[in-house]
$ cat work13.cif   # mmCIF, C-alpha atoms (C1' of nucleotides)
data_model
loop_
_atom_site.group_PDB
_atom_site.id
_atom_site.type_symbol
_atom_site.label_atom_id
_atom_site.label_comp_id
_atom_site.auth_asym_id
_atom_site.auth_seq_id
_atom_site.Cartn_x
_atom_site.Cartn_y
_atom_site.Cartn_z
ATOM 1 C CA MET A 1 33.646 -11.248 44.663
ATOM 2 C CA GLY A 2 37.115 -9.747 44.408
ATOM 3 C CA ASN A 3 37.005 -9.294 48.139
ATOM 4 C CA ARG A 4 38.377 -12.682 49.100
ATOM 5 C CA GLN A 5 41.067 -12.517 46.430
ATOM 6 C CA GLN A 6 42.023 -9.167 47.857
ATOM 7 C CA ARG A 7 42.455 -10.593 51.332
ATOM 8 C CA VAL A 8 44.246 -13.660 50.058
ATOM 9 C CA LEU A 9 46.707 -11.572 48.045
ATOM 10 C CA ALA A 10 47.409 -9.352 51.042
ATOM 11 C CA PHE A 11 47.812 -12.372 53.300
ATOM 12 C CA VAL A 12 50.156 -14.137 50.900
ATOM 13 C CA TYR A 13 52.374 -11.067 50.755
ATOM 14 C CA ARG A 14 52.718 -10.898 54.525
ATOM 15 C CA TRP A 15 53.259 -14.614 54.788
ATOM 16 C CA LEU A 16 56.028 -14.576 52.203
ATOM 17 C CA MET A 17 57.686 -11.523 53.740
ATOM 18 C CA ASP A 18 57.501 -13.230 57.115
ATOM 19 C CA ARG A 19 59.110 -16.362 55.802
ATOM 20 C CA TYR A 20 61.772 -15.039 53.464
ATOM 21 C CA GLY A 21 62.356 -11.429 54.500
ATOM 22 C CA PRO A 22 63.125 -8.543 52.128
ATOM 23 C CA GLN A 23 64.628 -9.719 48.841
ATOM 24 C CA GLY A 24 66.312 -6.533 47.719
ATOM 25 C CA TRP A 25 65.669 -6.868 44.009
ATOM 26 C CA TRP A 26 66.921 -5.962 41.387
ATOM 27 C CA PRO A 27 70.406 -7.529 41.687
ATOM 28 C CA LEU A 28 73.269 -5.281 40.565
ATOM 29 C CA VAL A 29 76.822 -6.403 39.774
ATOM 30 C CA ALA A 30 78.254 -3.332 41.490
ATOM 31 C CA CYS A 31 76.304 -3.529 44.717
ATOM 32 C CA ASP A 32 77.518 -4.879 48.039
ATOM 33 C CA GLY A 33 74.158 -5.528 49.636
ATOM 34 C CA VAL A 34 74.092 -8.544 51.942
ATOM 35 C CA ASN A 35 71.304 -10.161 53.906
ATOM 36 C CA PRO A 36 72.265 -13.153 56.051
ATOM 37 C CA THR A 37 68.629 -14.071 56.642
ATOM 38 C CA LYS A 38 67.752 -14.381 52.988
ATOM 39 C CA THR A 39 67.386 -17.974 51.881
ATOM 40 C CA GLY A 40 68.179 -17.592 48.210
ATOM 41 C CA ALA A 41 71.104 -16.131 46.331
ATOM 42 C CA THR A 42 72.286 -12.875 47.854
ATOM 43 C CA LYS A 43 74.913 -11.797 45.337
ATOM 44 C CA GLY A 44 74.180 -8.300 44.101
ATOM 45 C CA TYR A 45 70.946 -7.921 46.030
ATOM 46 C CA HIS A 46 70.365 -5.093 48.490
ATOM 47 C CA PRO A 47 67.637 -6.229 50.881
ATOM 48 C CA GLY A 48 66.029 -3.456 52.885
ATOM 49 C CA ASP A 49 67.791 -0.757 50.873
ATOM 50 C CA TYR A 50 65.370 0.830 48.441
ATOM 51 C CA THR A 51 67.683 3.585 47.233
ATOM 52 C CA TYR A 52 68.654 1.692 44.081
ATOM 53 C CA PRO A 53 69.271 2.274 41.268
ATOM 54 C CA ARG A 54 71.583 5.138 42.223
ATOM 55 C CA THR A 55 73.187 5.797 38.861
ATOM 56 C CA ASP A 56 72.283 5.812 35.201
ATOM 57 C CA ASP A 57 74.579 2.836 34.694
ATOM 58 C CA GLN A 58 72.716 0.845 37.324
ATOM 59 C CA ARG A 59 69.458 1.721 35.613
ATOM 60 C CA VAL A 60 70.901 0.497 32.331
ATOM 61 C CA GLU A 61 72.155 -2.677 33.976
ATOM 62 C CA ILE A 62 68.630 -3.466 35.128
ATOM 63 C CA CYS A 63 67.212 -2.880 31.657
ATOM 64 C CA VAL A 64 69.904 -5.094 30.122
ATOM 65 C CA GLY A 65 69.304 -7.784 32.716
ATOM 66 C CA ALA A 66 65.579 -7.674 32.046
ATOM 67 C CA ILE A 67 66.195 -8.561 28.398
ATOM 68 C CA LEU A 68 68.886 -11.122 29.110
ATOM 69 C CA THR A 69 66.858 -13.024 31.694
ATOM 70 C CA GLN A 70 64.015 -13.795 29.293
ATOM 71 C CA ASN A 71 63.380 -17.526 29.651
ATOM 72 C CA THR A 72 66.903 -17.877 31.000
ATOM 73 C CA ALA A 73 68.403 -18.787 34.363
ATOM 74 C CA TRP A 74 69.786 -15.804 36.250
ATOM 75 C CA THR A 75 73.139 -17.547 36.711
ATOM 76 C CA ASN A 76 73.575 -17.388 32.949
ATOM 77 C CA VAL A 77 72.608 -13.723 32.940
ATOM 78 C CA GLU A 78 75.238 -13.036 35.592
ATOM 79 C CA LYS A 79 77.909 -14.427 33.319
ATOM 80 C CA ALA A 80 76.799 -12.202 30.478
ATOM 81 C CA LEU A 81 76.590 -9.152 32.729
ATOM 82 C CA GLY A 82 80.075 -9.940 34.017
ATOM 83 C CA ASN A 83 81.372 -10.065 30.455
ATOM 84 C CA LEU A 84 79.740 -6.743 29.668
ATOM 85 C CA GLN A 85 81.113 -5.081 32.760
ATOM 86 C CA ARG A 86 84.654 -6.358 32.275
ATOM 87 C CA ALA A 87 84.477 -5.089 28.713
ATOM 88 C CA GLY A 88 83.371 -1.699 29.985
ATOM 89 C CA ARG A 89 80.123 -2.010 28.066
ATOM 90 C CA LEU A 90 77.634 -1.622 30.875
ATOM 91 C CA SER A 91 76.600 1.926 30.103
ATOM 92 C CA LEU A 92 74.264 3.469 27.583
ATOM 93 C CA SER A 93 76.957 5.171 25.512
ATOM 94 C CA ALA A 94 79.267 2.137 25.575
ATOM 95 C CA LEU A 95 76.465 -0.195 24.562
ATOM 96 C CA ALA A 96 75.432 2.133 21.756
ATOM 97 C CA ALA A 97 79.014 2.045 20.463
ATOM 98 C CA THR A 98 79.326 -1.737 20.641
ATOM 99 C CA PRO A 99 79.224 -3.560 17.296
ATOM 100 C CA VAL A 100 76.487 -6.150 17.294
ATOM 101 C CA GLU A 101 78.964 -8.981 16.617
ATOM 102 C CA GLU A 102 80.889 -8.078 19.768
ATOM 103 C CA LEU A 103 77.684 -7.711 21.739
ATOM 104 C CA ARG A 104 76.597 -11.180 20.654
ATOM 105 C CA GLU A 105 79.791 -12.741 21.979
ATOM 106 C CA LEU A 106 79.642 -10.886 25.280
ATOM 107 C CA ILE A 107 76.084 -11.986 26.036
ATOM 108 C CA ARG A 108 76.436 -15.501 24.623
ATOM 109 C CA PRO A 109 76.130 -17.271 28.007
ATOM 110 C CA ALA A 110 72.632 -15.823 28.431
ATOM 111 C CA GLY A 111 71.331 -17.765 25.438
ATOM 112 C CA TYR A 112 69.281 -16.552 22.453
ATOM 113 C CA TYR A 113 72.233 -14.263 21.921
ATOM 114 C CA ASN A 114 71.430 -13.348 18.322
ATOM 115 C CA GLN A 115 67.943 -12.139 19.190
ATOM 116 C CA LYS A 116 68.933 -10.571 22.466
ATOM 117 C CA ALA A 117 71.802 -8.596 20.956
ATOM 118 C CA ALA A 118 69.348 -6.979 18.563
ATOM 119 C CA TYR A 119 66.798 -6.465 21.341
ATOM 120 C CA LEU A 120 69.435 -4.761 23.474
ATOM 121 C CA GLN A 121 70.388 -2.396 20.683
ATOM 122 C CA ASN A 122 66.723 -1.508 20.181
ATOM 123 C CA LEU A 123 66.306 -0.807 23.852
ATOM 124 C CA VAL A 124 69.511 1.224 24.110
ATOM 125 C CA ALA A 125 68.377 3.407 21.220
ATOM 126 C CA PHE A 126 65.010 3.800 22.894
ATOM 127 C CA LEU A 127 66.542 4.783 26.233
ATOM 128 C CA MET A 128 68.841 7.308 24.586
ATOM 129 C CA ALA A 129 65.895 8.875 22.777
ATOM 130 C CA HIS A 130 63.655 9.228 25.832
ATOM 131 C CA GLU A 131 63.831 11.102 29.091
ATOM 132 C CA PRO A 132 62.983 8.938 32.115
ATOM 133 C CA GLY A 133 59.726 10.797 32.717
ATOM 134 C CA ASP A 134 58.933 10.227 29.071
ATOM 135 C CA ILE A 135 59.022 6.437 29.309
ATOM 136 C CA THR A 136 55.565 4.915 29.413
ATOM 137 C CA ARG A 137 54.518 1.298 29.357
ATOM 138 C CA GLU A 138 52.975 1.671 25.901
ATOM 139 C CA ALA A 139 56.146 3.276 24.577
ATOM 140 C CA LEU A 140 58.344 0.523 25.989
ATOM 141 C CA LEU A 141 56.138 -2.126 24.430
ATOM 142 C CA THR A 142 56.850 -0.706 20.977
ATOM 143 C CA CYS A 143 60.449 -1.923 21.350
ATOM 144 C CA LYS A 144 60.855 -5.276 19.659
ATOM 145 C CA GLY A 145 61.980 -7.665 22.345
ATOM 146 C CA VAL A 146 60.183 -5.884 25.159
ATOM 147 C CA GLY A 147 56.975 -7.677 26.078
ATOM 148 C CA ASN A 148 54.682 -7.357 29.077
ATOM 149 C CA GLU A 149 56.955 -8.817 31.713
ATOM 150 C CA THR A 150 60.124 -7.132 30.513
ATOM 151 C CA ALA A 151 58.374 -3.762 30.312
ATOM 152 C CA ASP A 152 56.982 -4.095 33.816
ATOM 153 C CA SER A 153 60.342 -5.248 35.209
ATOM 154 C CA ILE A 154 62.061 -2.244 33.666
ATOM 155 C CA LEU A 155 59.407 0.156 34.910
ATOM 156 C CA LEU A 156 59.250 -1.298 38.406
ATOM 157 C CA TYR A 157 62.921 -1.896 39.123
ATOM 158 C CA ALA A 158 64.776 0.572 36.890
ATOM 159 C CA PHE A 159 62.330 3.485 36.998
ATOM 160 C CA SER A 160 60.531 2.898 40.299
ATOM 161 C CA ARG A 161 57.033 2.849 38.810
ATOM 162 C CA PRO A 162 54.300 0.872 40.583
ATOM 163 C CA GLU A 163 53.805 -1.710 37.820
ATOM 164 C CA PHE A 164 53.256 -5.255 39.075
ATOM 165 C CA VAL A 165 55.279 -7.933 37.303
ATOM 166 C CA ILE A 166 53.720 -11.274 36.418
ATOM 167 C CA ASP A 167 55.973 -14.152 35.430
ATOM 168 C CA ALA A 168 55.777 -17.901 34.926
ATOM 169 C CA TYR A 169 56.430 -18.486 38.635
ATOM 170 C CA THR A 170 53.649 -16.111 39.636
ATOM 171 C CA LYS A 171 51.209 -17.962 37.420
ATOM 172 C CA ARG A 172 52.199 -21.347 38.848
ATOM 173 C CA ILE A 173 51.696 -20.144 42.401
ATOM 174 C CA PHE A 174 48.432 -18.356 41.646
ATOM 175 C CA LEU A 175 47.170 -21.472 39.880
ATOM 176 C CA ALA A 176 47.989 -23.637 42.882
ATOM 177 C CA LEU A 177 46.313 -21.147 45.221
ATOM 178 C CA GLY A 178 43.207 -20.915 43.056
ATOM 179 C CA LEU A 179 43.832 -17.254 42.250
ATOM 180 C CA CYS A 180 43.728 -17.723 38.498
ATOM 181 C CA ASP A 181 43.100 -20.398 35.917
ATOM 182 C CA GLU A 182 45.247 -21.949 33.223
ATOM 183 C CA ARG A 183 44.331 -19.474 30.534
ATOM 184 C CA SER A 184 44.365 -16.256 32.539
ATOM 185 C CA SER A 185 46.167 -13.598 30.533
ATOM 186 C CA TYR A 186 49.156 -11.586 31.669
ATOM 187 C CA MET A 187 47.161 -8.349 31.790
ATOM 188 C CA SER A 188 44.234 -9.865 33.676
ATOM 189 C CA MET A 189 46.543 -11.192 36.386
ATOM 190 C CA LYS A 190 48.444 -7.923 36.560
ATOM 191 C CA GLN A 191 45.231 -5.965 36.953
ATOM 192 C CA GLN A 192 43.953 -8.441 39.497
ATOM 193 C CA VAL A 193 46.940 -7.813 41.740
ATOM 194 C CA GLU A 194 47.074 -4.080 41.111
ATOM 195 C CA SER A 195 43.436 -3.668 42.080
ATOM 196 C CA ALA A 196 43.948 -5.735 45.229
ATOM 197 C CA ILE A 197 47.235 -4.230 46.424
ATOM 198 C CA SER A 198 47.413 -0.447 46.365
ATOM 199 C CA PRO A 199 50.216 0.961 44.200
ATOM 200 C CA ASP A 200 53.470 0.956 46.138
ATOM 201 C CA VAL A 201 56.835 0.546 44.476
ATOM 202 C CA VAL A 202 58.497 -1.167 47.423
ATOM 203 C CA VAL A 203 55.606 -3.564 47.960
ATOM 204 C CA TYR A 204 55.378 -4.411 44.260
ATOM 205 C CA GLN A 205 59.136 -4.930 44.061
ATOM 206 C CA GLU A 206 59.208 -7.188 47.084
ATOM 207 C CA TYR A 207 56.051 -9.087 46.255
ATOM 208 C CA HIS A 208 57.306 -10.157 42.854
ATOM 209 C CA ALA A 209 60.725 -11.054 44.231
ATOM 210 C CA LEU A 210 59.152 -13.017 47.078
ATOM 211 C CA LEU A 211 56.978 -14.976 44.665
ATOM 212 C CA VAL A 212 60.089 -15.916 42.688
ATOM 213 C CA GLU A 213 61.921 -16.995 45.816
ATOM 214 C CA HIS A 214 58.942 -19.038 46.981
ATOM 215 C CA ALA A 215 58.592 -20.624 43.546
ATOM 216 C CA LYS A 216 62.242 -21.631 43.618
ATOM 217 C CA GLN A 217 61.466 -23.571 46.786
ATOM 218 C CA HIS A 218 58.299 -25.358 45.651
ATOM 219 C CA TYR A 219 57.556 -24.678 41.985
ATOM 220 C CA ASN A 220 60.556 -25.489 39.841
ATOM 221 C CA LYS A 221 60.022 -29.183 39.405
ATOM 222 C CA LYS A 222 56.896 -31.012 38.394
ATOM 223 C CA PRO A 223 54.475 -31.573 39.820
ATOM 224 C CA PHE A 224 54.556 -27.918 40.852
ATOM 225 C CA GLY A 225 53.559 -26.858 44.338
ATOM 226 C CA ILE A 226 54.298 -30.105 46.158
ATOM 227 C CA GLY A 227 54.926 -29.317 49.797
ATOM 228 C CA ASP A 228 53.924 -25.686 49.498
ATOM 229 C CA PRO A 229 52.423 -24.860 52.916
ATOM 230 C CA LEU A 230 50.626 -21.851 51.439
ATOM 231 C CA ILE A 231 48.208 -24.062 49.541
ATOM 232 C CA ASN A 232 46.520 -25.446 52.639
ATOM 233 C CA ILE A 233 46.738 -22.189 54.561
ATOM 234 C CA VAL A 234 45.074 -20.249 51.770
ATOM 235 C CA LYS A 235 42.498 -22.978 51.281
ATOM 236 C CA ALA A 236 41.460 -22.606 54.917
ATOM 237 C CA LEU A 237 41.194 -18.853 54.534
ATOM 238 C CA LYS A 238 37.843 -17.112 54.407
ATOM 239 C "C1'" DA B 1 69.274 -37.529 29.145
ATOM 240 C "C1'" DA B 2 65.437 -34.818 29.591
ATOM 241 C "C1'" DC B 3 63.880 -30.764 31.466
ATOM 242 C "C1'" DC B 4 63.691 -26.089 32.757
ATOM 243 C "C1'" DA B 5 65.393 -21.152 33.287
ATOM 244 C "C1'" DG B 6 62.623 -14.375 36.422
ATOM 245 C "C1'" DG B 7 59.759 -14.577 27.512
ATOM 246 C "C1'" DA B 8 58.895 -12.582 23.073
ATOM 247 C "C1'" DC B 9 58.026 -12.843 18.258
ATOM 248 C "C1'" DG B 10 56.122 -14.615 13.864
ATOM 249 C "C1'" DT B 11 52.937 -17.452 11.858
ATOM 250 C "C1'" DG B 12 48.627 -19.683 10.752
ATOM 251 C "C1'" DA B 13 44.144 -20.953 12.067
ATOM 252 C "C1'" DT C 1 42.498 -13.927 20.135
ATOM 253 C "C1'" DC C 2 45.360 -18.123 20.557
ATOM 254 C "C1'" DA C 3 48.128 -22.211 20.068
ATOM 255 C "C1'" DC C 4 52.448 -23.528 18.316
ATOM 256 C "C1'" DG C 5 57.363 -23.439 16.666
ATOM 257 C "C1'" DT C 6 61.589 -20.912 17.230
ATOM 258 C "C1'" DC C 7 65.433 -18.916 19.556
ATOM 259 C "C1'" DA C 8 70.417 -21.174 22.765
ATOM 260 C "C1'" DT C 9 73.270 -21.587 26.866
ATOM 261 C "C1'" DG C 10 73.979 -23.978 31.206
ATOM 262 C "C1'" DG C 11 72.606 -26.343 35.553
ATOM 263 C "C1'" DT C 12 70.277 -30.441 37.709
#
$ encode --input "work13.cif" --output "structure tokens"
Amino acid sequence: MGNRQQRVLAFVYRWLMDRYGPQGWWPLVACDGVNPTKTGATKGYHPGDYTYPRTDDQRVEICVGAILTQNTAWTNVEKALGNLQRAGRLSLSALAATPVEELRELIRPAGYYNQKAAYLQNLVAFLMAHEPGDITREALLTCKGVGNETADSILLYAFSRPEFVIDAYTKRIFLALGLCDERSSYMSMKQQVESAISPDVVVYQEYHALLVEHAKQHYNKKPFGIGDPLINIVKALK
DNA sequence: AACCAGGACGTGA
DNA sequence: TCACGTCATGGT
């Protein structure tokens, strides 16, 4: 029964990669990656280069971005990250030394800045207290402010672990393609993909990024999925 | 002028 | 478990 879903998920990945090309997630402020074929925003992305993150600071930047982007447009996150970098606060030690009032002001453009400032301080303390090899999904989830998607984003993009990320876009697309229903849980969808696509950090990184890019084309205004060619293609698939 | 953005938490059924 | 209110800025 999972056999068709398996084929569909593999097909969708190839189709998206064919259409959009490598996405080069996660974006980094101090990264000069450029891909002229990419259709979406290219700033800070490094398509085809899977050697990131290269430094502890880049790892921290990804973790910070994962918190800041919660229910927030990435353009707003970029402003906050820019503030942090200009203030020299985009490192673990600098963040740990930043008073929460200052942190709030720096990340204000990302919204929910009171909550997120506290979440960031939690996460910074957590990261300082754990070795990279020591960081498990369960451990991350004990941080207040780190839920399923944020944990998986951190693991996949900052620590190169094969954890598939589900987000609101993924659910919209999977709904339209008949791969899940309205009340499918985060974990059920994650496990569905992870049992269909063998664990591979690069594939998981690209697949999630490709789903976001595709959703930005066809799934960010209601009714979702209008004009998405995948719907009919997948429907015709056996 | 609504509506949505790469969610998570606290609460009450 | 799960549905609902809350958190907040900025672009379309």
$ atom_distance --input "work13.cif" --atom1 "atom CA of Gln205 of chain A" --atom2 "atom CA of Thr75 of chain A"
20.2 Å
$ resolve_selection --input "work13.cif" --expression "the PyMOL selection byres ((chain C) within 6 of (chain A))" --output "VMD selection string"
chain C and resid 7 to 9
$ resolve_selection --input "work13.cif" --expression "the PyMOL selection byres ((chain B) within 9 of (chain A))" --output "number ranges by chain"
B: 3-9
$ atom_distance --input "work13.cif" --atom1 "atom CA of Tyr13 of chain A" --atom2 "atom CA of Val193 of chain A"
11.0 Å
$ atom_distance --input "work13.cif" --atom1 "atom CA of Arg104 of chain A" --atom2 "atom CA of Ala87 of chain A"
12.8 Å
$ closest_residue --input "work13.cif" --among "A:Glu78, A:Glu102, A:Glu61, A:Glu138" --to "Leu90 of chain A" --atoms "only C-alpha atoms"
A:Glu61
$ residues_around --input "work13.cif" --residues "Glu105 of chain A" --least-positions-apart "5" --cutoff "10 Å" --atoms "only C-alpha atoms (C1' of nucleotides)" --output "PDB file with C-alpha atoms, in the frame of the given file"
ATOM      1  CA  ALA A  80      76.799 -12.202  30.478  1.00  0.00           C
ATOM      2  CA  ASN A  83      81.372 -10.065  30.455  1.00  0.00           C
ATOM      3  CA  LEU A  84      79.740  -6.743  29.668  1.00  0.00           C
ATOM      4  CA  VAL A 100      76.487  -6.150  17.294  1.00  0.00           C
ATOM      5  CA  TYR A 113      72.233 -14.263  21.921  1.00  0.00           C
ATOM      6  CA  ASN A 114      71.430 -13.348  18.322  1.00  0.00           C
ATOM      7  CA  ALA A 117      71.802  -8.596  20.956  1.00  0.00           C
TER       8      ALA A 117
END
$ resolve_selection --input "work13.cif" --expression "the PyMOL selection byres ((chain C and resi 4) around 10)" --output "ChimeraX atom specification"
/B:11-12 /C:2-3,5-6
$ residues_near_point --input "work13.cif" --point "(72.3, -29.3, 30.1)" --cutoff "9 Å" --atoms "all atoms listed in the file" --output "PDB file with C-alpha atoms (C1' of nucleotides), keeping the file's coordinate frame"
ATOM      1  C1'  DA B   1      69.274 -37.529  29.145  1.00  0.00           C
ATOM      2  C1'  DA B   2      65.437 -34.818  29.591  1.00  0.00           C
ATOM      3  C1'  DC B   3      63.880 -30.764  31.466  1.00  0.00           C
TER       4       DC B   3
ATOM      5  C1'  DT C   9      73.270 -21.587  26.866  1.00  0.00           C
ATOM      6  C1'  DG C  10      73.979 -23.978  31.206  1.00  0.00           C
ATOM      7  C1'  DG C  11      72.606 -26.343  35.553  1.00  0.00           C
ATOM      8  C1'  DT C  12      70.277 -30.441  37.709  1.00  0.00           C
TER       9       DT C  12
END
$ residues_around --input "work13.cif" --residues "segment 18-23 of chain A" --least-positions-apart "2" --cutoff "7 Å" --atoms "only C-alpha atoms (C1' of nucleotides)" --output "list in words"
Arg14, Trp15, Leu16, Trp25, Lys38, Thr39, Pro47, Gly48, Glu206, Ala209 and Leu210 of chain A
